[in-house]
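As stored in query_14.txt (compact mmCIF, C-alpha atoms and all ligand atoms):
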```txt
# COMPACT_ATOMS: atom_id res chain seq x y z
CA MET B 1 -23.97 1.35 -62.62
CA LYS B 2 -23.35 -1.84 -60.65
CA ALA B 3 -23.82 -1.62 -56.90
CA TYR B 4 -22.18 -3.76 -54.19
CA ASP B 5 -22.20 -4.01 -50.41
CA LEU B 6 -18.43 -3.63 -50.47
CA ILE B 7 -15.88 -2.58 -53.04
CA VAL B 8 -12.21 -3.24 -52.38
CA ILE B 9 -9.76 -1.21 -54.47
CA GLY B 10 -6.59 -3.20 -55.08
CA GLY B 11 -6.42 -6.90 -55.95
CA GLY B 12 -3.12 -7.64 -54.20
CA LEU B 13 -2.80 -9.81 -51.12
CA VAL B 14 -4.29 -7.23 -48.76
CA GLY B 15 -7.28 -6.41 -50.94
CA GLY B 16 -7.75 -10.02 -52.07
CA ALA B 17 -7.86 -11.33 -48.50
CA ILE B 18 -10.33 -8.67 -47.35
CA ALA B 19 -12.58 -9.10 -50.39
CA TRP B 20 -12.79 -12.87 -50.00
CA GLY B 21 -13.23 -12.60 -46.23
CA ALA B 22 -16.17 -10.23 -46.74
CA ALA B 23 -17.77 -12.39 -49.44
CA ARG B 24 -17.64 -15.35 -47.01
CA GLN B 25 -19.88 -13.33 -44.72
CA GLY B 26 -22.50 -13.16 -47.46
CA ALA B 27 -21.76 -9.64 -48.71
CA SER B 28 -21.83 -8.77 -52.41
CA VAL B 29 -18.24 -7.77 -53.13
CA ALA B 30 -16.29 -6.36 -56.07
CA LEU B 31 -12.50 -6.32 -56.16
CA LEU B 32 -11.27 -3.65 -58.59
CA ASP B 33 -7.65 -3.97 -59.69
CA GLU B 34 -5.47 -1.88 -61.95
CA GLY B 35 -3.96 -4.98 -63.55
CA ASP B 36 -0.56 -6.10 -64.80
CA VAL B 37 0.74 -2.59 -65.45
CA ALA B 38 0.61 -1.81 -61.72
CA TYR B 39 3.36 -2.22 -59.13
CA ARG B 40 2.39 -5.37 -57.31
CA ALA B 41 4.17 -6.45 -54.15
CA ALA B 42 1.81 -9.43 -54.08
CA ARG B 43 3.53 -10.87 -57.15
CA GLY B 44 7.13 -10.33 -56.12
CA ASN B 45 7.44 -11.23 -52.47
CA PHE B 46 9.29 -13.83 -50.43
CA GLY B 47 6.31 -15.78 -49.07
CA LEU B 48 7.09 -15.74 -45.36
CA VAL B 49 4.48 -15.99 -42.64
CA TRP B 50 6.87 -14.20 -40.31
CA VAL B 51 6.10 -13.27 -36.74
CA GLN B 52 9.30 -13.18 -34.69
CA SER B 53 10.39 -9.62 -35.43
CA LYS B 54 7.01 -8.09 -36.24
CA GLY B 55 5.84 -5.38 -33.88
CA ALA B 56 9.06 -4.45 -32.09
CA GLY B 57 8.07 -1.13 -30.52
CA MET B 58 4.36 -1.64 -31.23
CA PRO B 59 2.81 -4.49 -29.22
CA PRO B 60 -0.60 -4.42 -30.97
CA TYR B 61 1.17 -5.17 -34.26
CA ALA B 62 3.05 -8.04 -32.60
CA HIS B 63 -0.26 -9.45 -31.31
CA TRP B 64 -1.96 -9.01 -34.69
CA SER B 65 0.88 -10.83 -36.48
CA ARG B 66 0.72 -13.69 -33.97
CA ARG B 67 -3.02 -13.89 -34.36
CA SER B 68 -2.64 -14.09 -38.12
CA SER B 69 -0.15 -16.93 -37.83
CA GLU B 70 -2.63 -18.78 -35.59
CA VAL B 71 -5.51 -18.50 -38.05
CA TRP B 72 -3.40 -19.09 -41.17
CA PRO B 73 -4.13 -22.87 -41.15
CA GLN B 74 -7.86 -22.06 -41.27
CA LEU B 75 -7.25 -19.75 -44.21
CA ALA B 76 -5.25 -22.38 -46.10
CA ALA B 77 -7.84 -25.07 -45.38
CA ALA B 78 -10.77 -22.89 -46.43
CA LEU B 79 -9.06 -21.90 -49.67
CA LEU B 80 -8.23 -25.52 -50.43
CA GLN B 81 -11.81 -26.55 -49.85
CA ALA B 82 -13.21 -23.71 -51.94
CA THR B 83 -10.77 -23.81 -54.86
CA GLU B 84 -8.76 -27.06 -54.64
CA LEU B 85 -5.65 -24.84 -54.66
CA ASP B 86 -3.04 -25.79 -52.08
CA VAL B 87 -1.19 -22.63 -51.05
CA ALA B 88 1.63 -24.78 -49.63
CA LEU B 89 1.46 -23.45 -46.09
CA ARG B 90 4.15 -24.85 -43.82
CA GLN B 91 4.67 -23.64 -40.28
CA PRO B 92 7.68 -25.53 -38.93
CA GLY B 93 8.98 -22.36 -37.28
CA GLY B 94 11.44 -19.77 -38.50
CA LEU B 95 15.13 -19.09 -38.00
CA HIS B 96 16.93 -15.76 -38.19
CA PHE B 97 20.61 -16.58 -38.68
CA CYS B 98 23.41 -14.49 -37.14
CA LEU B 99 26.85 -14.41 -38.77
CA ASN B 100 28.89 -13.03 -35.88
CA ASP B 101 28.71 -12.42 -32.14
CA ALA B 102 27.64 -8.79 -32.52
CA GLU B 103 24.65 -9.84 -34.65
CA LEU B 104 23.79 -12.58 -32.17
CA GLU B 105 23.91 -10.18 -29.24
CA ALA B 106 21.80 -7.55 -31.01
CA ARG B 107 19.25 -10.19 -31.98
CA ALA B 108 19.04 -11.56 -28.44
CA GLU B 109 18.47 -8.04 -27.11
CA MET B 110 15.70 -7.39 -29.60
CA ILE B 111 13.94 -10.68 -28.86
CA GLN B 112 14.13 -9.96 -25.12
CA ARG B 113 12.80 -6.43 -25.64
CA MET B 114 9.88 -7.76 -27.69
CA HIS B 115 9.18 -10.36 -25.03
CA ASN B 116 9.04 -7.63 -22.38
CA GLU B 117 6.87 -5.38 -24.57
CA SER B 118 4.34 -7.79 -25.93
CA GLY B 119 4.70 -11.18 -24.27
CA GLY B 120 6.17 -14.14 -26.00
CA SER B 121 5.72 -15.51 -29.46
CA GLY B 122 7.81 -18.35 -28.09
CA THR B 123 10.89 -16.93 -29.83
CA ARG B 124 14.19 -17.95 -28.27
CA MET B 125 17.86 -17.88 -29.16
CA VAL B 126 19.48 -21.11 -30.30
CA GLY B 127 23.22 -21.74 -30.15
CA ARG B 128 25.41 -23.23 -32.84
CA ALA B 129 25.03 -26.88 -31.79
CA GLU B 130 21.23 -26.84 -31.57
CA MET B 131 20.97 -24.92 -34.81
CA LYS B 132 23.24 -27.42 -36.58
CA ALA B 133 21.02 -30.23 -35.33
CA MET B 134 17.95 -28.42 -36.70
CA VAL B 135 19.55 -27.54 -40.04
CA PRO B 136 22.46 -29.89 -40.81
CA ALA B 137 23.30 -28.05 -44.05
CA ILE B 138 24.11 -24.80 -42.22
CA GLY B 139 27.55 -23.28 -42.88
CA ASP B 140 30.33 -22.91 -40.31
CA GLY B 141 30.07 -19.12 -40.50
CA VAL B 142 26.69 -19.02 -38.77
CA VAL B 143 27.14 -18.59 -35.02
CA GLY B 144 23.53 -18.93 -33.88
CA ALA B 145 19.96 -17.91 -34.58
CA SER B 146 16.69 -16.83 -33.11
CA TYR B 147 13.93 -19.39 -33.51
CA CYS B 148 10.19 -18.72 -33.48
CA PRO B 149 7.90 -21.78 -33.49
CA ILE B 150 4.98 -20.00 -35.16
CA ASP B 151 6.83 -18.70 -38.22
CA GLY B 152 6.26 -20.36 -41.55
CA HIS B 153 5.91 -19.85 -45.27
CA ALA B 154 3.51 -20.33 -48.14
CA ASN B 155 3.42 -19.95 -51.90
CA PRO B 156 2.33 -16.31 -52.34
CA LEU B 157 1.36 -16.64 -56.00
CA LYS B 158 -0.91 -19.59 -55.27
CA LEU B 159 -2.31 -17.63 -52.33
CA LEU B 160 -3.17 -14.67 -54.54
CA ARG B 161 -4.68 -16.94 -57.18
CA ALA B 162 -6.69 -18.86 -54.57
CA LEU B 163 -8.08 -15.67 -52.99
CA HIS B 164 -9.29 -14.43 -56.37
CA ALA B 165 -10.71 -17.84 -57.31
CA ALA B 166 -12.46 -18.25 -53.96
CA LEU B 167 -14.01 -14.79 -54.31
CA LEU B 168 -15.40 -15.75 -57.72
CA LYS B 169 -16.80 -19.02 -56.32
CA LEU B 170 -18.80 -17.02 -53.79
CA GLY B 171 -20.29 -14.88 -56.56
CA GLY B 172 -17.94 -11.96 -55.96
CA ALA B 173 -16.58 -9.92 -58.85
CA TYR B 174 -12.84 -9.76 -59.52
CA LEU B 175 -12.43 -6.97 -62.04
CA PRO B 176 -8.86 -6.47 -63.32
CA GLY B 177 -8.04 -3.64 -65.71
CA ARG B 178 -10.09 -1.19 -63.63
CA THR B 179 -7.98 1.72 -62.41
CA VAL B 180 -10.04 3.73 -59.98
CA ASP B 181 -9.54 7.42 -60.82
CA ALA B 182 -12.09 9.07 -58.57
CA ILE B 183 -14.21 8.30 -55.49
CA ALA B 184 -17.16 10.37 -54.35
CA GLY B 185 -19.48 10.10 -51.39
CA GLY B 186 -22.90 9.07 -52.72
CA GLU B 187 -26.24 10.53 -51.73
CA GLY B 188 -27.64 8.98 -48.56
CA GLY B 189 -24.26 7.42 -47.71
CA GLY B 190 -22.24 5.01 -49.77
CA PHE B 191 -19.75 5.76 -52.49
CA THR B 192 -19.47 6.10 -56.25
CA LEU B 193 -16.25 5.06 -57.96
CA GLN B 194 -15.05 6.03 -61.40
CA ALA B 195 -12.75 3.63 -63.26
CA GLY B 196 -12.22 4.86 -66.81
CA ALA B 197 -15.64 5.01 -68.42
CA GLU B 198 -17.22 2.69 -65.83
CA ARG B 199 -18.89 3.66 -62.59
CA PHE B 200 -19.50 1.48 -59.55
CA ALA B 201 -21.49 2.08 -56.38
CA CYS B 202 -21.03 0.57 -52.93
CA ALA B 203 -22.16 0.94 -49.34
CA LYS B 204 -18.68 0.36 -47.95
CA LEU B 205 -15.25 0.81 -49.44
CA VAL B 206 -11.75 -0.44 -48.64
CA ILE B 207 -8.69 1.21 -50.13
CA ALA B 208 -6.04 -1.52 -50.31
CA ALA B 209 -4.33 -0.38 -53.49
CA GLY B 210 -0.74 -0.76 -52.28
CA LEU B 211 1.38 2.09 -53.61
CA GLY B 212 -1.70 3.42 -55.43
CA SER B 213 -3.41 4.07 -52.09
CA ARG B 214 -1.55 7.29 -51.45
CA LYS B 215 -3.43 9.05 -54.27
CA LEU B 216 -6.84 7.51 -53.56
CA ALA B 217 -7.04 7.94 -49.77
CA PRO B 218 -7.50 11.75 -49.64
CA MET B 219 -10.59 11.40 -51.85
CA VAL B 220 -12.43 10.03 -48.80
CA GLY B 221 -10.63 11.87 -46.01
CA LEU B 222 -7.99 9.20 -45.36
CA ASP B 223 -4.22 9.43 -45.32
CA MET B 224 -2.01 6.58 -46.56
CA PRO B 225 1.51 8.01 -46.90
CA VAL B 226 3.07 4.85 -48.34
CA THR B 227 6.36 4.78 -50.25
CA PRO B 228 8.22 2.06 -52.19
CA LEU B 229 11.15 0.08 -50.79
CA ARG B 230 12.72 -2.31 -53.25
CA GLY B 231 13.67 -5.90 -52.54
CA GLN B 232 15.55 -8.15 -54.96
CA ILE B 233 15.09 -11.91 -55.03
CA ILE B 234 17.16 -14.70 -56.60
CA VAL B 235 15.59 -18.08 -57.42
CA THR B 236 17.64 -21.21 -57.98
CA GLU B 237 16.82 -24.38 -59.82
CA ARG B 238 15.01 -27.06 -57.82
CA MET B 239 17.20 -28.81 -55.28
CA ARG B 240 16.90 -31.74 -52.92
CA PRO B 241 15.12 -30.70 -49.72
CA PHE B 242 17.62 -29.23 -47.24
CA LEU B 243 15.66 -26.50 -45.47
CA ASP B 244 12.19 -26.95 -44.07
CA TYR B 245 12.30 -23.94 -41.76
CA ALA B 246 11.37 -20.46 -42.87
CA THR B 247 14.27 -18.03 -42.62
CA HIS B 248 14.49 -14.29 -43.20
CA VAL B 249 16.86 -14.56 -46.19
CA VAL B 250 16.56 -18.04 -47.69
CA ARG B 251 13.57 -20.28 -48.21
CA GLN B 252 13.15 -23.58 -49.99
CA THR B 253 9.75 -23.86 -51.58
CA ASP B 254 7.58 -26.97 -51.54
CA GLU B 255 8.67 -27.48 -55.15
CA GLY B 256 12.38 -27.46 -54.27
CA SER B 257 13.51 -24.11 -55.68
CA VAL B 258 15.41 -21.85 -53.30
CA LEU B 259 14.55 -18.18 -52.88
CA LEU B 260 17.31 -15.86 -51.68
CA GLY B 261 16.65 -12.27 -50.81
CA ASP B 262 15.82 -9.58 -48.31
CA SER B 263 17.52 -6.50 -49.77
CA GLN B 264 15.99 -3.19 -48.73
CA GLU B 265 16.70 -0.36 -51.16
CA ASP B 266 15.29 3.13 -51.24
CA VAL B 267 15.32 3.68 -55.03
CA GLY B 268 11.90 5.18 -55.69
CA PHE B 269 9.73 3.36 -58.22
CA ASP B 270 12.60 1.48 -59.88
CA ASN B 271 11.70 -2.20 -59.58
CA GLY B 272 14.69 -3.46 -61.57
CA THR B 273 17.59 -5.65 -60.48
CA THR B 274 21.26 -4.79 -60.00
CA VAL B 275 24.33 -7.01 -60.04
CA PRO B 276 25.99 -5.61 -56.88
CA VAL B 277 22.90 -6.27 -54.74
CA MET B 278 22.52 -9.75 -56.21
CA GLN B 279 26.20 -10.41 -55.42
CA ASP B 280 25.65 -9.32 -51.81
CA ILE B 281 22.60 -11.57 -51.45
CA ALA B 282 24.44 -14.53 -52.97
CA ALA B 283 27.59 -13.99 -50.87
CA ARG B 284 25.69 -13.81 -47.57
CA ASN B 285 23.66 -16.88 -48.44
CA LEU B 286 26.76 -18.86 -49.37
CA VAL B 287 28.06 -18.32 -45.85
CA MET B 288 24.78 -19.73 -44.52
CA PHE B 289 24.50 -22.56 -47.03
CA PRO B 290 27.81 -23.36 -48.77
CA GLY B 291 26.00 -26.16 -50.63
CA LEU B 292 24.32 -23.50 -52.76
CA LYS B 293 27.59 -22.71 -54.55
CA ASP B 294 26.82 -25.02 -57.45
CA ALA B 295 23.15 -24.12 -57.76
CA ASN B 296 22.04 -22.58 -61.03
CA ILE B 297 20.14 -19.35 -60.80
CA VAL B 298 17.01 -19.53 -62.93
CA ARG B 299 15.32 -16.22 -62.20
CA VAL B 300 15.85 -12.87 -60.49
CA TRP B 301 13.49 -9.99 -59.92
CA GLY B 302 12.98 -6.77 -58.04
CA ALA B 303 9.70 -5.75 -56.42
CA LEU B 304 8.52 -2.79 -54.39
CA ARG B 305 7.38 -3.12 -50.80
CA VAL B 306 4.55 -0.87 -49.68
CA MET B 307 6.03 0.97 -46.67
CA THR B 308 4.43 3.32 -44.20
CA PRO B 309 6.72 5.90 -42.50
CA ASP B 310 7.19 3.70 -39.41
CA GLY B 311 6.78 0.30 -41.06
CA TYR B 312 3.60 -0.57 -39.14
CA PRO B 313 0.25 -1.13 -40.87
CA ILE B 314 -2.43 1.48 -41.38
CA TYR B 315 -6.03 0.42 -40.67
CA GLU B 316 -8.48 3.26 -40.36
CA GLN B 317 -12.08 4.23 -40.98
CA SER B 318 -12.56 7.69 -42.43
CA ARG B 319 -13.99 10.21 -39.99
CA THR B 320 -15.33 12.41 -42.80
CA HIS B 321 -16.60 9.50 -44.93
CA PRO B 322 -17.74 6.71 -42.57
CA GLY B 323 -17.80 3.40 -44.38
CA ALA B 324 -14.49 4.09 -46.17
CA PHE B 325 -11.54 2.15 -44.76
CA ALA B 326 -7.78 2.20 -45.34
CA ALA B 327 -5.79 -1.05 -45.18
CA THR B 328 -2.10 -1.33 -45.92
CA CYS B 329 0.91 -3.15 -44.47
CA HIS B 330 4.24 -4.50 -45.61
CA SER B 331 3.46 -8.08 -44.58
CA GLY B 332 0.52 -9.05 -46.69
CA VAL B 333 1.41 -12.75 -46.70
CA THR B 334 1.85 -12.92 -42.93
CA LEU B 335 -1.33 -10.97 -42.26
CA ALA B 336 -3.51 -12.67 -44.89
CA GLY B 337 -5.10 -14.93 -42.27
CA ALA B 338 -6.10 -12.08 -39.98
CA HIS B 339 -7.16 -9.87 -42.89
CA ALA B 340 -9.50 -12.49 -44.32
CA LEU B 341 -10.90 -14.01 -41.15
CA GLU B 342 -10.93 -11.11 -38.67
CA LEU B 343 -10.52 -7.75 -40.36
CA ALA B 344 -12.99 -8.34 -43.21
CA PRO B 345 -15.95 -9.27 -40.94
CA ALA B 346 -15.21 -6.25 -38.73
CA ILE B 347 -15.21 -3.90 -41.72
CA LEU B 348 -18.51 -5.34 -42.91
CA ALA B 349 -19.95 -4.79 -39.44
CA GLY B 350 -18.89 -1.15 -39.77
CA ALA B 351 -16.04 -0.82 -37.26
CA LEU B 352 -12.43 -1.93 -37.00
CA PRO B 353 -11.53 -4.50 -34.32
CA SER B 354 -11.21 -2.96 -30.86
CA GLY B 355 -7.80 -1.55 -30.03
CA PHE B 356 -7.11 -0.67 -33.68
CA ASP B 357 -6.91 3.08 -33.01
CA VAL B 358 -3.14 2.70 -32.77
CA PHE B 359 -3.04 1.78 -36.46
CA SER B 360 -4.60 5.07 -37.50
CA SER B 361 -2.52 7.34 -39.75
CA ARG B 362 -3.11 10.06 -37.13
CA ARG B 363 0.03 8.70 -35.45
CA PHE B 364 2.05 10.42 -38.21
CA HIS B 365 0.52 13.78 -37.37
CA VAL B 366 1.49 13.90 -33.72
CA GLN B 367 4.49 16.15 -34.30
CA ALA B 368 2.53 18.53 -36.48
CA ALA B 369 -0.22 18.69 -33.86
C1 LIG G 401 10.64 -8.21 -52.17
C2 LIG G 401 9.46 -8.35 -51.25
C3 LIG G 401 9.43 -9.35 -50.32
C4 LIG G 401 8.33 -9.48 -49.47
N1 LIG G 401 8.30 -10.53 -48.60
C5 LIG G 401 7.23 -10.70 -47.81
C6 LIG G 401 7.16 -11.82 -46.96
O1 LIG G 401 8.04 -12.67 -46.94
N2 LIG G 401 6.08 -11.94 -46.15
C7 LIG G 401 5.09 -11.00 -46.14
O2 LIG G 401 4.15 -11.14 -45.35
N3 LIG G 401 5.10 -9.95 -46.98
C8 LIG G 401 6.15 -9.78 -47.82
N4 LIG G 401 6.17 -8.73 -48.68
C9 LIG G 401 5.06 -7.78 -48.68
C10 LIG G 401 3.85 -8.28 -49.41
O3 LIG G 401 4.18 -8.68 -50.70
C11 LIG G 401 2.78 -7.19 -49.44
O4 LIG G 401 2.49 -6.78 -48.14
C12 LIG G 401 1.56 -7.74 -50.08
O5 LIG G 401 1.84 -8.02 -51.42
C13 LIG G 401 0.37 -6.88 -50.00
O6 LIG G 401 0.46 -5.81 -50.79
P1 LIG G 401 -0.80 -4.99 -51.21
O7 LIG G 401 -1.96 -5.83 -51.53
O8 LIG G 401 -0.98 -3.91 -50.19
O9 LIG G 401 -0.20 -4.30 -52.47
P2 LIG G 401 0.09 -4.90 -53.96
O10 LIG G 401 0.36 -6.33 -53.90
O11 LIG G 401 1.13 -3.99 -54.49
O12 LIG G 401 -1.30 -4.70 -54.61
C14 LIG G 401 -1.86 -3.45 -54.81
C15 LIG G 401 -2.84 -3.60 -55.93
O13 LIG G 401 -3.55 -2.37 -56.04
C16 LIG G 401 -3.83 -2.18 -57.39
N5 LIG G 401 -4.06 -0.75 -57.61
C17 LIG G 401 -3.21 0.28 -57.39
N6 LIG G 401 -3.80 1.45 -57.69
C18 LIG G 401 -5.05 1.15 -58.11
C19 LIG G 401 -6.16 1.92 -58.56
N7 LIG G 401 -6.09 3.26 -58.64
N8 LIG G 401 -7.30 1.28 -58.92
C20 LIG G 401 -7.39 -0.07 -58.85
N9 LIG G 401 -6.36 -0.84 -58.42
C21 LIG G 401 -5.22 -0.24 -58.06
C22 LIG G 401 -2.65 -2.74 -58.16
O14 LIG G 401 -3.09 -3.22 -59.43
C23 LIG G 401 -2.17 -3.87 -57.27
O15 LIG G 401 -2.59 -5.14 -57.74
C24 LIG G 401 7.26 -8.57 -49.55
C25 LIG G 401 7.27 -7.57 -50.53
C26 LIG G 401 8.35 -7.46 -51.37
C27 LIG G 401 8.32 -6.39 -52.42
```
Using the file provided, produce a representation of the structure as structure tokens.
Ligand SMILES: Cc1cc2nc3c(=O)[nH]c(=O)nc-3n(C[C@H](O)[C@H](O)[C@H](O)COP(=O)(O)OP(=O)(O)OC[C@H]3O[C@@H](n4cnc5c(N)ncnc54)[C@H](O)[C@@H]3O)c2cc1C
Amino acid sequence: MKAYDLIVIGGGLVGGAIAWGAARQGASVALLDEGDVAYRAARGNFGLVWVQSKGAGMPPYAHWSRRSSEVWPQLAAALLQATELDVALRQPGGLHFCLNDAELEARAEMIQRMHNESGGSGTRMVGRAEMKAMVPAIGDGVVGASYCPIDGHANPLKLLRALHAALLKLGGAYLPGRTVDAIAGGEGGGFTLQAGAERFACAKLVIAAGLGSRKLAPMVGLDMPVTPLRGQIIVTERMRPFLDYATHVVRQTDEGSVLLGDSQEDVGFDNGTTVPVMQDIAARNLVMFPGLKDANIVRVWGALRVMTPDGYPIYEQSRTHPGAFAATCHSGVTLAGAHALELAPAILAGALPSGFDVFSSRRFHVQAA
């Protein structure tokens, strides 16, 4: 039975970032992943490093998202140095477009409320003229936007690949095709994991298995009541650069293709695509960028977000099994910087960062209590 300082269950963006971040601290780390049969948000997402609307109603989440955006350049640089993989991070700021006055007013109210709750991320409303100057290709149907200077985007597939590669470079083990079926507290502390016929031992454990976390968490006294929320994404052929900014529904990659998306559908574990939702996505985006009308669509997909009941992350150390941690969120790209550079060292040191009590799943039990 192989033994490690830390085992992370789940090789998506959350688990990958924590595993690499811990290996950088000198720990022996194994990253166990179910493999290609699993639901994997990390392989189907939109690639935003998005801060402006994160943490409305929960200031610590707003601060954590901002912190992650701040350290993201360090993450990208470290991965480039370790693996020669450029994750295509760009942080020119992000725009949330509004298509009518009611949307604009609601957005302005939300940005003001967030400012009052958690201080500024520098987000401000921009009117039609300023927005047109920032994005000349914008359609006449867009009346204004909110703009956050610390929003950005990256290539999420390259990020996932780079995290795995960087872990391997540090001597860590990335072990796909290992579905963890059982976890037991070992003698004298630590844990034993069963994955098929194989067993693994570790001093510390992180459950970051996305939608698979729900089943694993109770084995070590944790609660991760996550559910799927589908998003569908359309990808066009490569186009001349027309949009540097990150936006909530359309993003032009460093390679020129355009991603359109942001549907939110409660359809259980169905990660397929549907024509009506694709039509809605395309129609809304044509109002924003009429120039897309002649673009060829080259790919579409559906993927499942990993949602907690209130949409905020869960970070928690087990009270009954100290050394076992839960980590899940629905913004694994945005939070990759903070997960790798701040959360992972804290977990290795045996405690979550201070102030993280608010992220405990105990918040879902208040009513019952
Ligand atoms: C359509 C869409 C758009 C999104 N857009 C953005 C965005 O723009 N910005 C952003 O920050 N985030 C975005 N996200 C969210 C982001 O993709 C996720 O937060 C991120 O992928 C992290 O997910 P994860 O690692 O928790 O889970 P996953 O990526 O789902 O990974 C979980 C992993 O756990 C493994 N696993 C499960 N059970 C077991 C088991 N028993 N044993 C071993 N391994 C197991 C699986 O193999 C899987 O690889 C989006 C998601 C979707 C679906």
**OP:** Residues within 6 Å of ligand LIG 401 (chain G), counting all atoms listed in the file: report them as a PyMOL selection string.
**Re:** chain B and resi 9-15+32-35+38-42+44-49+178-181+208-210+212+231-232+303-305+328-334
Selected residues written out with C-alpha atoms, as a PDB file, in the coordinates of the input:
```pdb
ATOM      1  CA  ILE B   9      -9.760  -1.210 -54.470  1.00  0.00           C
ATOM      2  CA  GLY B  10      -6.590  -3.200 -55.080  1.00  0.00           C
ATOM      3  CA  GLY B  11      -6.420  -6.900 -55.950  1.00  0.00           C
ATOM      4  CA  GLY B  12      -3.120  -7.640 -54.200  1.00  0.00           C
ATOM      5  CA  LEU B  13      -2.800  -9.810 -51.120  1.00  0.00           C
ATOM      6  CA  VAL B  14      -4.290  -7.230 -48.760  1.00  0.00           C
ATOM      7  CA  GLY B  15      -7.280  -6.410 -50.940  1.00  0.00           C
ATOM      8  CA  LEU B  32     -11.270  -3.650 -58.590  1.00  0.00           C
ATOM      9  CA  ASP B  33      -7.650  -3.970 -59.690  1.00  0.00           C
ATOM     10  CA  GLU B  34      -5.470  -1.880 -61.950  1.00  0.00           C
ATOM     11  CA  GLY B  35      -3.960  -4.980 -63.550  1.00  0.00           C
ATOM     12  CA  ALA B  38       0.610  -1.810 -61.720  1.00  0.00           C
ATOM     13  CA  TYR B  39       3.360  -2.220 -59.130  1.00  0.00           C
ATOM     14  CA  ARG B  40       2.390  -5.370 -57.310  1.00  0.00           C
ATOM     15  CA  ALA B  41       4.170  -6.450 -54.150  1.00  0.00           C
ATOM     16  CA  ALA B  42       1.810  -9.430 -54.080  1.00  0.00           C
ATOM     17  CA  GLY B  44       7.130 -10.330 -56.120  1.00  0.00           C
ATOM     18  CA  ASN B  45       7.440 -11.230 -52.470  1.00  0.00           C
ATOM     19  CA  PHE B  46       9.290 -13.830 -50.430  1.00  0.00           C
ATOM     20  CA  GLY B  47       6.310 -15.780 -49.070  1.00  0.00           C
ATOM     21  CA  LEU B  48       7.090 -15.740 -45.360  1.00  0.00           C
ATOM     22  CA  VAL B  49       4.480 -15.990 -42.640  1.00  0.00           C
ATOM     23  CA  ARG B 178     -10.090  -1.190 -63.630  1.00  0.00           C
ATOM     24  CA  THR B 179      -7.980   1.720 -62.410  1.00  0.00           C
ATOM     25  CA  VAL B 180     -10.040   3.730 -59.980  1.00  0.00           C
ATOM     26  CA  ASP B 181      -9.540   7.420 -60.820  1.00  0.00           C
ATOM     27  CA  ALA B 208      -6.040  -1.520 -50.310  1.00  0.00           C
ATOM     28  CA  ALA B 209      -4.330  -0.380 -53.490  1.00  0.00           C
ATOM     29  CA  GLY B 210      -0.740  -0.760 -52.280  1.00  0.00           C
ATOM     30  CA  GLY B 212      -1.700   3.420 -55.430  1.00  0.00           C
ATOM     31  CA  GLY B 231      13.670  -5.900 -52.540  1.00  0.00           C
ATOM     32  CA  GLN B 232      15.550  -8.150 -54.960  1.00  0.00           C
ATOM     33  CA  ALA B 303       9.700  -5.750 -56.420  1.00  0.00           C
ATOM     34  CA  LEU B 304       8.520  -2.790 -54.390  1.00  0.00           C
ATOM     35  CA  ARG B 305       7.380  -3.120 -50.800  1.00  0.00           C
ATOM     36  CA  THR B 328      -2.100  -1.330 -45.920  1.00  0.00           C
ATOM     37  CA  CYS B 329       0.910  -3.150 -44.470  1.00  0.00           C
ATOM     38  CA  HIS B 330       4.240  -4.500 -45.610  1.00  0.00           C
ATOM     39  CA  SER B 331       3.460  -8.080 -44.580  1.00  0.00           C
ATOM     40  CA  GLY B 332       0.520  -9.050 -46.690  1.00  0.00           C
ATOM     41  CA  VAL B 333       1.410 -12.750 -46.700  1.00  0.00           C
ATOM     42  CA  THR B 334       1.850 -12.920 -42.930  1.00  0.00           C
TER      43      THR B 334
END
```
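Counting all atoms listed in the file and comparing B:Ala3, B:Met219, B:Ala62, B:Ala77, the residue that lies closest to B:Cys202 is B:Ala3.
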Original post:
Which residue out of B:Gly268, B:Gly119, B:Pro92, B:Gly16 has the minimum interatomic distance to B:Ala154 when only C-alpha atoms are used?
Top reply: B:Pro92
Select from stretch 25-92 of chain B every residue with an atom at most 12 Å from any atom of stretch 346-363 of chain B, then for each give the shortest pair of atoms and their distance in Å to one decimal, using all atoms listed in the file, rows by chain and rising number, as JSON lines.
```
{"residue": "B:Gln25", "atom": "CA", "partner": "B:Leu348", "partner_atom": "CA", "distance": 8.3}
{"residue": "B:Gly26", "atom": "CA", "partner": "B:Leu348", "partner_atom": "CA", "distance": 9.9}
{"residue": "B:Ala27", "atom": "CA", "partner": "B:Leu348", "partner_atom": "CA", "distance": 7.9}
{"residue": "B:Ser28", "atom": "CA", "partner": "B:Leu348", "partner_atom": "CA", "distance": 10.6}
{"residue": "B:Val29", "atom": "CA", "partner": "B:Leu348", "partner_atom": "CA", "distance": 10.5}
{"residue": "B:Gly55", "atom": "CA", "partner": "B:Phe359", "partner_atom": "CA", "distance": 11.7}
{"residue": "B:Met58", "atom": "CA", "partner": "B:Val358", "partner_atom": "CA", "distance": 8.8}
{"residue": "B:Pro59", "atom": "CA", "partner": "B:Val358", "partner_atom": "CA", "distance": 10.0}
{"residue": "B:Pro60", "atom": "CA", "partner": "B:Val358", "partner_atom": "CA", "distance": 7.8}
{"residue": "B:Tyr61", "atom": "CA", "partner": "B:Phe359", "partner_atom": "CA", "distance": 8.4}
{"residue": "B:His63", "atom": "CA", "partner": "B:Gly355", "partner_atom": "CA", "distance": 11.0}
{"residue": "B:Trp64", "atom": "CA", "partner": "B:Phe356", "partner_atom": "CA", "distance": 9.9}
```
Original post:
Which of these, B:Ile314, B:Leu341, B:Val267, B:Ala56, has the shortest distance to B:Arg113 once you count only C-alpha atoms?
Top reply: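 Of B:Ile314, B:Leu341, B:Val267, B:Ala56, the one nearest B:Arg113 is B:Ala56, counting only C-alpha atoms.
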